[in-house]
Amino acid sequence: MKLADNKATLSFSNGGPSVELPVYQGSIGPDVIDIRKLYAQTGMFTYDPGFLSTASCQSAITYIDGDKGELLYRGYPIEQLAVNCDFLETCHLLLYGELPNADQKKTFSDTVTRHTMVNEQMQFFLRGFRRDAHPMAVLTGLVGGLSAFYHDSTDINNPEHREIAAIRLIAKMPTLVSMAYKYGIGQPYMYPRNELSYAGNFLRMMFGVPPEDYVVNPVLERALDRIFILHADHEQNASTSTVRLCGSSGTNPFAAIAAGVACLWGPAHGGANEACLNMLEDIQRNGGVSKVGEFMEKVKDKSSGVKLMGFGHRVYKNYDPRAKLMQETCNEVLNELGLENDPLFKLAKELEKIALEDDYFVQRKLYPNVDFYSGIVQRAIGIPVNLFTGIFALARTVGWIAQLNEMIGDPEYKIGRPRQLFDGATKRDVKPLAQR
Ligand code: ACO
């Protein structure tokens with residue numbers, strides 16, 4: 001870490017001695033004040049629920065400038081990666097720090113491809129779930145369950161184990177997500193095919209059936225690959241921080257990633273694409289574009305508890321750059337499938353137009369996030385709404401692993417253990433039952 005020229009001085013109005021705190025500079029982005037010795041020096045903690053002002057780690061993977069609406073993976077703008085690279089190149093970049101050359105790309109793709117099958121016994125594990133279980137419930141179980149099947153890659157402190165676990169997780173997530181889907185609809189699982197691309201293979205495992213050949217549509221393949229790239233990492237978001245915190249105890253990588261899957265499920269995070277599509281369908285059912293004004297009034301009325309899903313972001317206070325790319329993909333997919341007049345797409349565009357001009361949204365700097373259009377694309381491809389977050393988990397797995405491995409390799413890494421401001425009962429004595 002590079003020390004900045006200045007230091008921070010913390011002084012107290014009660015005359016207590018002031019404390020000097022070091023300031024560190026990153027390569028870009030805000031400086032940080034090092035408060036690690038604060039408790040030892042003052043007996044006080046800092047208070048920051050929701051981590052609004054806290055950098056929990058140093059990282060060299062992903063950088064977001066929320067005011068500019070900029071997203072960089074290892075320094076490369078997401079707009080360039082989405083246009084010039086595929087998902088496996090992006091995985092290589094996130095995991096190892098550099099885009100692969102042609103040889104490295106081939107080796108990496110071959111390695112991932114050779115790990116796409118899952119232990120046959122996983123099928124029987126899956127059968128324990130109800131057929132109507134939410135795919136995220138199934139995936140949380142299946143991903144955690146991998147640790148019971150792959151004993152040779154569970155030591156998080158062994159770099160070789162971490163490497164094999166990383167490849168296995170990236171390779172097997174599409175297989176697990178499609179198995180969860182097929183199980184829910186009662187169709188046979190499709191084994192992976194090695195000659196197909198990562199996204200093409202996933203499409204076939206989702207929508208192919210054994211009696212017929214499945215022909216991958218290149219426009220849908222590219223769209224899905226782009227969804228994967230756009231969701232691959234997003235620095236210290238809730239699920240990534242969960243993976244880091246979980247992994248900080250030394251637990252195995254599969255367990256740590258399962259914790260990330262569980263966190264991603266929530267509607268304020270990865271579940272937003274599902275919630276967004278449900279919202280659009282709800283408005284459509286209740287009158288469509290003509291009811292947009294009425295709906296927006298509800299959104300602005302805090303007592304209604306209604307939010308415009310797919311809008312707003314903790315970090316972006318500008319257009320989410322992924323939302324622009326996703327809107328482009330949405331156009332391509334709908335054109336390819338002859339769905340140019342899709343009513344939900346029209347509705348989404350109308351909502352976006354109104355929101356971008358409305359004072360409520362302008363003042364709060366609320367813009368569309370990646371989930372605003374990703375649900376429409378996925379629905380057009382044929383992915384059921386309750387699987388959207390599973391697709392997100394599939395794509396984010398590489399980011400989670402890259403962040404987890406970065407943490408384990410950091411000499412300053414410690415078990416994550418936040419403190420608290422206690423405001424409960426002070427010490428008291430237990431009364432016998434009859435006197436309570
Ligand atoms: N609709 C209406 N009002 C909103 C919305 C929204 N989608 N998002 C934020 N606001 C309002 C809040 O009510 C708050 O208003 P106030 O200042 O009058 O109290 C203000 O904007 C600031 O919002 P916060 O909730 O304080 O912002 P925070 O950073 O905590 O939340 C979050 C960010 C959770 C993403 C929020 O914007 C949200 O719930 N959006 C909808 C869900 C969503 O799309 N999530 C996806 C996130 S991206 C991802 O995970 C891939």
# chains A, B, ... in the order shown; residues from 1 in each chain; ligands from 1
>>> residues_near_ligand(ligand="ligand 1", cutoff="9 Å", atoms="only C-alpha atoms and all ligand atoms", output="number ranges by chain")
A: 50, 52, 231, 234, 237-238, 264, 266-273, 275-276, 296, 299-302, 305-316, 320, 360-361, 363-372, 392
>>> write_last_selection(atoms="N, CA and C atoms", output="CSV table (one decimal), in the first residue's frame")
chain,number,residue,atom,x,y,z
A,50,GLY,N,-23.8,-1.0,7.0
A,50,GLY,CA,-23.9,-1.0,5.5
A,50,GLY,C,-22.6,-0.6,4.8
A,52,LEU,N,-21.0,2.1,4.4
A,52,LEU,CA,-21.1,3.3,3.4
A,52,LEU,C,-19.7,3.9,3.2
A,231,HIS,N,-21.9,-9.5,-15.8
A,231,HIS,CA,-22.1,-9.9,-14.4
A,231,HIS,C,-20.9,-10.5,-13.7
A,234,HIS,N,-18.0,-7.3,-9.6
A,234,HIS,CA,-18.5,-5.9,-9.3
A,234,HIS,C,-17.9,-5.5,-8.0
A,237,ASN,N,-19.3,-5.9,-3.6
A,237,ASN,CA,-20.8,-5.9,-3.4
A,237,ASN,C,-21.1,-6.9,-2.3
A,238,ALA,N,-22.4,-7.0,-2.0
A,238,ALA,CA,-22.9,-7.8,-0.8
A,238,ALA,C,-22.5,-9.2,-0.9
A,264,LEU,N,-26.7,-13.5,-2.9
A,264,LEU,CA,-27.1,-12.9,-4.2
A,264,LEU,C,-28.6,-13.0,-4.4
A,266,GLY,N,-31.1,-12.3,-2.6
A,266,GLY,CA,-32.0,-11.2,-2.1
A,266,GLY,C,-32.4,-10.2,-3.2
A,267,PRO,N,-33.7,-9.7,-3.1
A,267,PRO,CA,-34.2,-8.8,-4.1
A,267,PRO,C,-33.5,-7.5,-4.2
A,268,ALA,N,-32.7,-7.1,-3.2
A,268,ALA,CA,-32.0,-5.8,-3.3
A,268,ALA,C,-30.7,-6.0,-4.0
A,269,HIS,N,-30.3,-7.3,-4.3
A,269,HIS,CA,-29.1,-7.6,-5.0
A,269,HIS,C,-29.4,-8.4,-6.3
A,270,GLY,N,-28.9,-9.6,-6.4
A,270,GLY,CA,-29.1,-10.4,-7.6
A,270,GLY,C,-30.6,-10.7,-7.9
A,271,GLY,N,-31.4,-10.7,-6.9
A,271,GLY,CA,-32.8,-11.1,-7.1
A,271,GLY,C,-33.6,-9.9,-7.8
A,272,ALA,N,-32.9,-8.8,-8.0
A,272,ALA,CA,-33.6,-7.6,-8.6
A,272,ALA,C,-34.0,-7.9,-10.0
A,273,ASN,N,-33.3,-8.7,-10.8
A,273,ASN,CA,-33.7,-8.9,-12.2
A,273,ASN,C,-35.1,-9.7,-12.2
A,275,ALA,N,-37.3,-9.6,-9.7
A,275,ALA,CA,-38.2,-8.6,-9.1
A,275,ALA,C,-38.6,-7.6,-10.2
A,276,CYS,N,-37.6,-7.2,-11.0
A,276,CYS,CA,-37.9,-6.2,-12.1
A,276,CYS,C,-38.8,-6.8,-13.1
A,296,MET,N,-45.7,5.2,-11.2
A,296,MET,CA,-44.6,6.1,-10.8
A,296,MET,C,-45.0,6.9,-9.6
A,299,VAL,N,-44.4,4.7,-6.7
A,299,VAL,CA,-43.0,4.6,-6.4
A,299,VAL,C,-42.5,5.8,-5.6
A,300,LYS,N,-43.0,7.0,-5.9
A,300,LYS,CA,-42.5,8.2,-5.3
A,300,LYS,C,-43.1,8.4,-3.9
A,301,ASP,N,-44.2,7.7,-3.6
A,301,ASP,CA,-44.9,7.7,-2.3
A,301,ASP,C,-44.2,6.7,-1.4
A,302,LYS,N,-43.4,7.3,-0.5
A,302,LYS,CA,-42.6,6.3,0.4
A,302,LYS,C,-43.5,5.4,1.2
A,305,GLY,N,-44.2,1.7,-0.1
A,305,GLY,CA,-43.2,0.6,-0.1
A,305,GLY,C,-42.9,0.1,-1.5
A,306,VAL,N,-43.3,0.7,-2.5
A,306,VAL,CA,-43.1,0.3,-3.9
A,306,VAL,C,-41.8,0.9,-4.4
A,307,LYS,N,-40.9,0.1,-5.0
A,307,LYS,CA,-39.7,0.7,-5.6
A,307,LYS,C,-39.7,0.4,-7.1
A,308,LEU,N,-39.0,1.2,-7.8
A,308,LEU,CA,-38.8,0.9,-9.2
A,308,LEU,C,-37.7,0.0,-9.3
A,309,MET,N,-38.0,-1.3,-9.4
A,309,MET,CA,-36.9,-2.3,-9.5
A,309,MET,C,-36.1,-2.2,-10.7
A,310,GLY,N,-34.8,-2.4,-10.6
A,310,GLY,CA,-33.9,-2.2,-11.7
A,310,GLY,C,-33.4,-0.8,-11.8
A,311,PHE,N,-33.7,0.0,-10.8
A,311,PHE,CA,-33.3,1.4,-10.7
A,311,PHE,C,-32.5,1.6,-9.4
A,312,GLY,N,-31.5,2.4,-9.5
A,312,GLY,CA,-30.8,2.8,-8.3
A,312,GLY,C,-29.6,1.8,-8.0
A,313,HIS,N,-28.6,2.3,-7.4
A,313,HIS,CA,-27.5,1.5,-7.1
A,313,HIS,C,-26.7,2.2,-6.0
A,314,ARG,N,-26.1,1.3,-5.1
A,314,ARG,CA,-25.3,1.9,-4.0
A,314,ARG,C,-24.1,2.7,-4.6
A,315,VAL,N,-23.5,2.2,-5.6
A,315,VAL,CA,-22.3,2.9,-6.1
A,315,VAL,C,-22.5,3.8,-7.3
A,316,TYR,N,-23.3,3.3,-8.3
A,316,TYR,CA,-23.5,4.2,-9.5
A,316,TYR,C,-24.5,5.3,-9.2
A,320,ASP,N,-25.6,3.1,-15.1
A,320,ASP,CA,-24.8,1.9,-15.0
A,320,ASP,C,-24.3,1.5,-16.4
A,360,TYR,N,-37.8,13.3,-8.8
A,360,TYR,CA,-37.6,12.4,-7.7
A,360,TYR,C,-36.3,11.6,-8.0
A,361,PHE,N,-36.2,11.1,-9.3
A,361,PHE,CA,-35.1,10.2,-9.7
A,361,PHE,C,-33.9,11.0,-10.0
A,363,GLN,N,-33.0,14.0,-8.6
A,363,GLN,CA,-32.4,14.5,-7.4
A,363,GLN,C,-31.6,13.4,-6.7
A,364,ARG,N,-32.2,12.2,-6.7
A,364,ARG,CA,-31.5,11.1,-6.0
A,364,ARG,C,-30.5,10.3,-6.8
A,365,LYS,N,-30.3,10.8,-8.0
A,365,LYS,CA,-29.3,10.2,-9.0
A,365,LYS,C,-29.6,8.7,-9.1
A,366,LEU,N,-30.9,8.4,-9.4
A,366,LEU,CA,-31.3,7.0,-9.6
A,366,LEU,C,-31.4,6.7,-11.1
A,367,TYR,N,-30.6,5.8,-11.6
A,367,TYR,CA,-30.5,5.4,-13.0
A,367,TYR,C,-30.8,4.0,-13.2
A,368,PRO,N,-31.0,3.5,-14.4
A,368,PRO,CA,-31.2,2.0,-14.6
A,368,PRO,C,-30.0,1.3,-14.2
A,369,ASN,N,-30.1,0.2,-13.5
A,369,ASN,CA,-28.9,-0.7,-13.3
A,369,ASN,C,-29.0,-1.9,-14.3
A,370,VAL,N,-28.0,-2.8,-14.2
A,370,VAL,CA,-27.9,-3.8,-15.2
A,370,VAL,C,-29.2,-4.7,-15.3
A,371,ASP,N,-29.9,-4.8,-14.2
A,371,ASP,CA,-31.0,-5.7,-14.1
A,371,ASP,C,-32.2,-5.1,-14.8
A,372,PHE,N,-32.2,-3.9,-15.2
A,372,PHE,CA,-33.4,-3.3,-15.8
A,372,PHE,C,-33.8,-4.0,-17.1
A,392,PHE,N,-27.2,-15.2,-13.0
A,392,PHE,CA,-26.4,-14.2,-12.4
A,392,PHE,C,-25.3,-14.9,-11.5
>>> residues_around(residues="segment 181-194 of chain A", least_positions_apart="4", cutoff="8 Å", atoms="only C-alpha atoms", output="list in words")
Thr113, Arg114, Thr116, Met117, Leu126, Arg127, Arg131, Asp132, Ala133, Pro135, Thr175, Val177, Asn201, Phe202, Arg204, Met205, Met206, Gly208, Val209, Pro210 and Leu387 of chain A
>>> residues_around(residues="segment 98-102 of chain A", least_positions_apart="6", cutoff="9 Å", atoms="only C-alpha atoms", output="list of chain:residue names")
A:Arg74, A:Cys85, A:Glu89, A:Thr90, A:Cys91, A:His92, A:Phe108
>>> atom_distance(atom1="atom CA of Glu406 of chain A", atom2="atom CA of Leu394 of chain A")
19.6 Å
>>> closest_residue(among="A:Leu88, A:Lys68, A:Gly247, A:Met407", to="Asp110 of chain A", atoms="only C-alpha atoms")
A:Leu88
>>> residues_around(residues="Tyr413 of chain A", least_positions_apart="3", cutoff="10 Å", atoms="only C-alpha atoms", output="PyMOL selection string")
chain A and resi 57-58+248+406-410+416
>>> select_by_dssp(residues="segment 225-388 of chain A", states="alpha helix (DSSP H)", output="MDAnalysis selection string")
chainID A and resid 225:230 238:247 253:264 272:285 292:300 321:336 343:357 359:363 371:381 388
>>> closest_residue(among="A:Glu352, A:Asp103, A:Glu212, A:Glu235", to="Gln327 of chain A", atoms="only C-alpha atoms")
A:Glu352
>>> residues_around(residues="Ala393 of chain A", least_positions_apart="4", cutoff="7 Å", atoms="only C-alpha atoms", output="list in words")
Val261, Thr389 and Thr397 of chain A
>>> write_last_selection(atoms="N, CA, C and O atoms", output="compact mmCIF listing (two decimals), in the first residue's frame")
# COMPACT_ATOMS: atom_id res chain seq x y z
N VAL A 261 -23.84 -17.35 -3.21
CA VAL A 261 -25.09 -17.65 -3.93
C VAL A 261 -26.28 -17.27 -3.05
O VAL A 261 -27.24 -16.63 -3.51
N THR A 389 -31.77 -15.22 -11.35
CA THR A 389 -30.71 -15.00 -10.36
C THR A 389 -29.68 -16.13 -10.41
O THR A 389 -28.50 -15.93 -10.12
N THR A 397 -19.74 -16.25 -10.35
CA THR A 397 -18.87 -17.22 -9.68
C THR A 397 -17.39 -16.89 -9.91
O THR A 397 -16.59 -16.93 -8.97
>>> residues_around(residues="Arg36 of chain A", least_positions_apart="4", cutoff="12 Å", atoms="only C-alpha atoms", output="MDAnalysis selection string")
chainID A and resid 20:23 32 40:46 54:57 412 414 418
>>> residues_around(residues="Glu274 of chain A", least_positions_apart="5", cutoff="7 Å", atoms="only C-alpha atoms", output="ChimeraX atom specification")
/A:375,385-386,388-389
>>> atom_distance(atom1="atom CA of Ser374 of chain A", atom2="atom CA of Asn331 of chain A")
11.3 Å
>>> closest_residue(among="A:Arg222, A:Arg162, A:His115, A:Lys2", to="Val83 of chain A", atoms="only C-alpha atoms")
A:Arg222
>>> select_by_dssp(residues="segment 48-190 of chain A", states="strand (DSSP E or B)", output="ChimeraX atom specification")
/A:62-65,70-73,76-77
>>> write_last_selection(atoms="N, CA and C atoms", output="CSV table (one decimal), in the first residue's frame")
chain,number,residue,atom,x,y,z
A,62,THR,N,-11.4,-5.2,-9.7
A,62,THR,CA,-12.4,-4.4,-10.4
A,62,THR,C,-12.5,-3.0,-9.8
A,63,TYR,N,-12.6,-2.0,-10.7
A,63,TYR,CA,-12.7,-0.6,-10.2
A,63,TYR,C,-14.0,0.0,-10.8
A,64,ILE,N,-14.8,0.6,-9.9
A,64,ILE,CA,-16.0,1.3,-10.3
A,64,ILE,C,-15.9,2.8,-10.0
A,65,ASP,N,-16.1,3.6,-11.0
A,65,ASP,CA,-16.3,5.1,-10.6
A,65,ASP,C,-17.8,5.3,-10.8
A,70,GLU,N,-18.4,4.3,-14.6
A,70,GLU,CA,-17.3,3.6,-15.3
A,70,GLU,C,-17.1,2.3,-14.5
A,71,LEU,N,-16.9,1.2,-15.3
A,71,LEU,CA,-16.6,-0.1,-14.7
A,71,LEU,C,-15.3,-0.7,-15.4
A,72,LEU,N,-14.3,-1.0,-14.7
A,72,LEU,CA,-13.1,-1.6,-15.3
A,72,LEU,C,-12.8,-2.9,-14.6
A,73,TYR,N,-12.5,-4.0,-15.4
A,73,TYR,CA,-12.0,-5.2,-14.9
A,73,TYR,C,-10.5,-5.2,-15.2
A,76,TYR,N,-9.5,-2.7,-17.7
A,76,TYR,CA,-10.1,-2.7,-19.1
A,76,TYR,C,-11.6,-2.2,-18.9
A,77,PRO,N,-12.0,-1.2,-19.7
A,77,PRO,CA,-13.4,-0.8,-19.6
A,77,PRO,C,-14.4,-1.9,-20.0
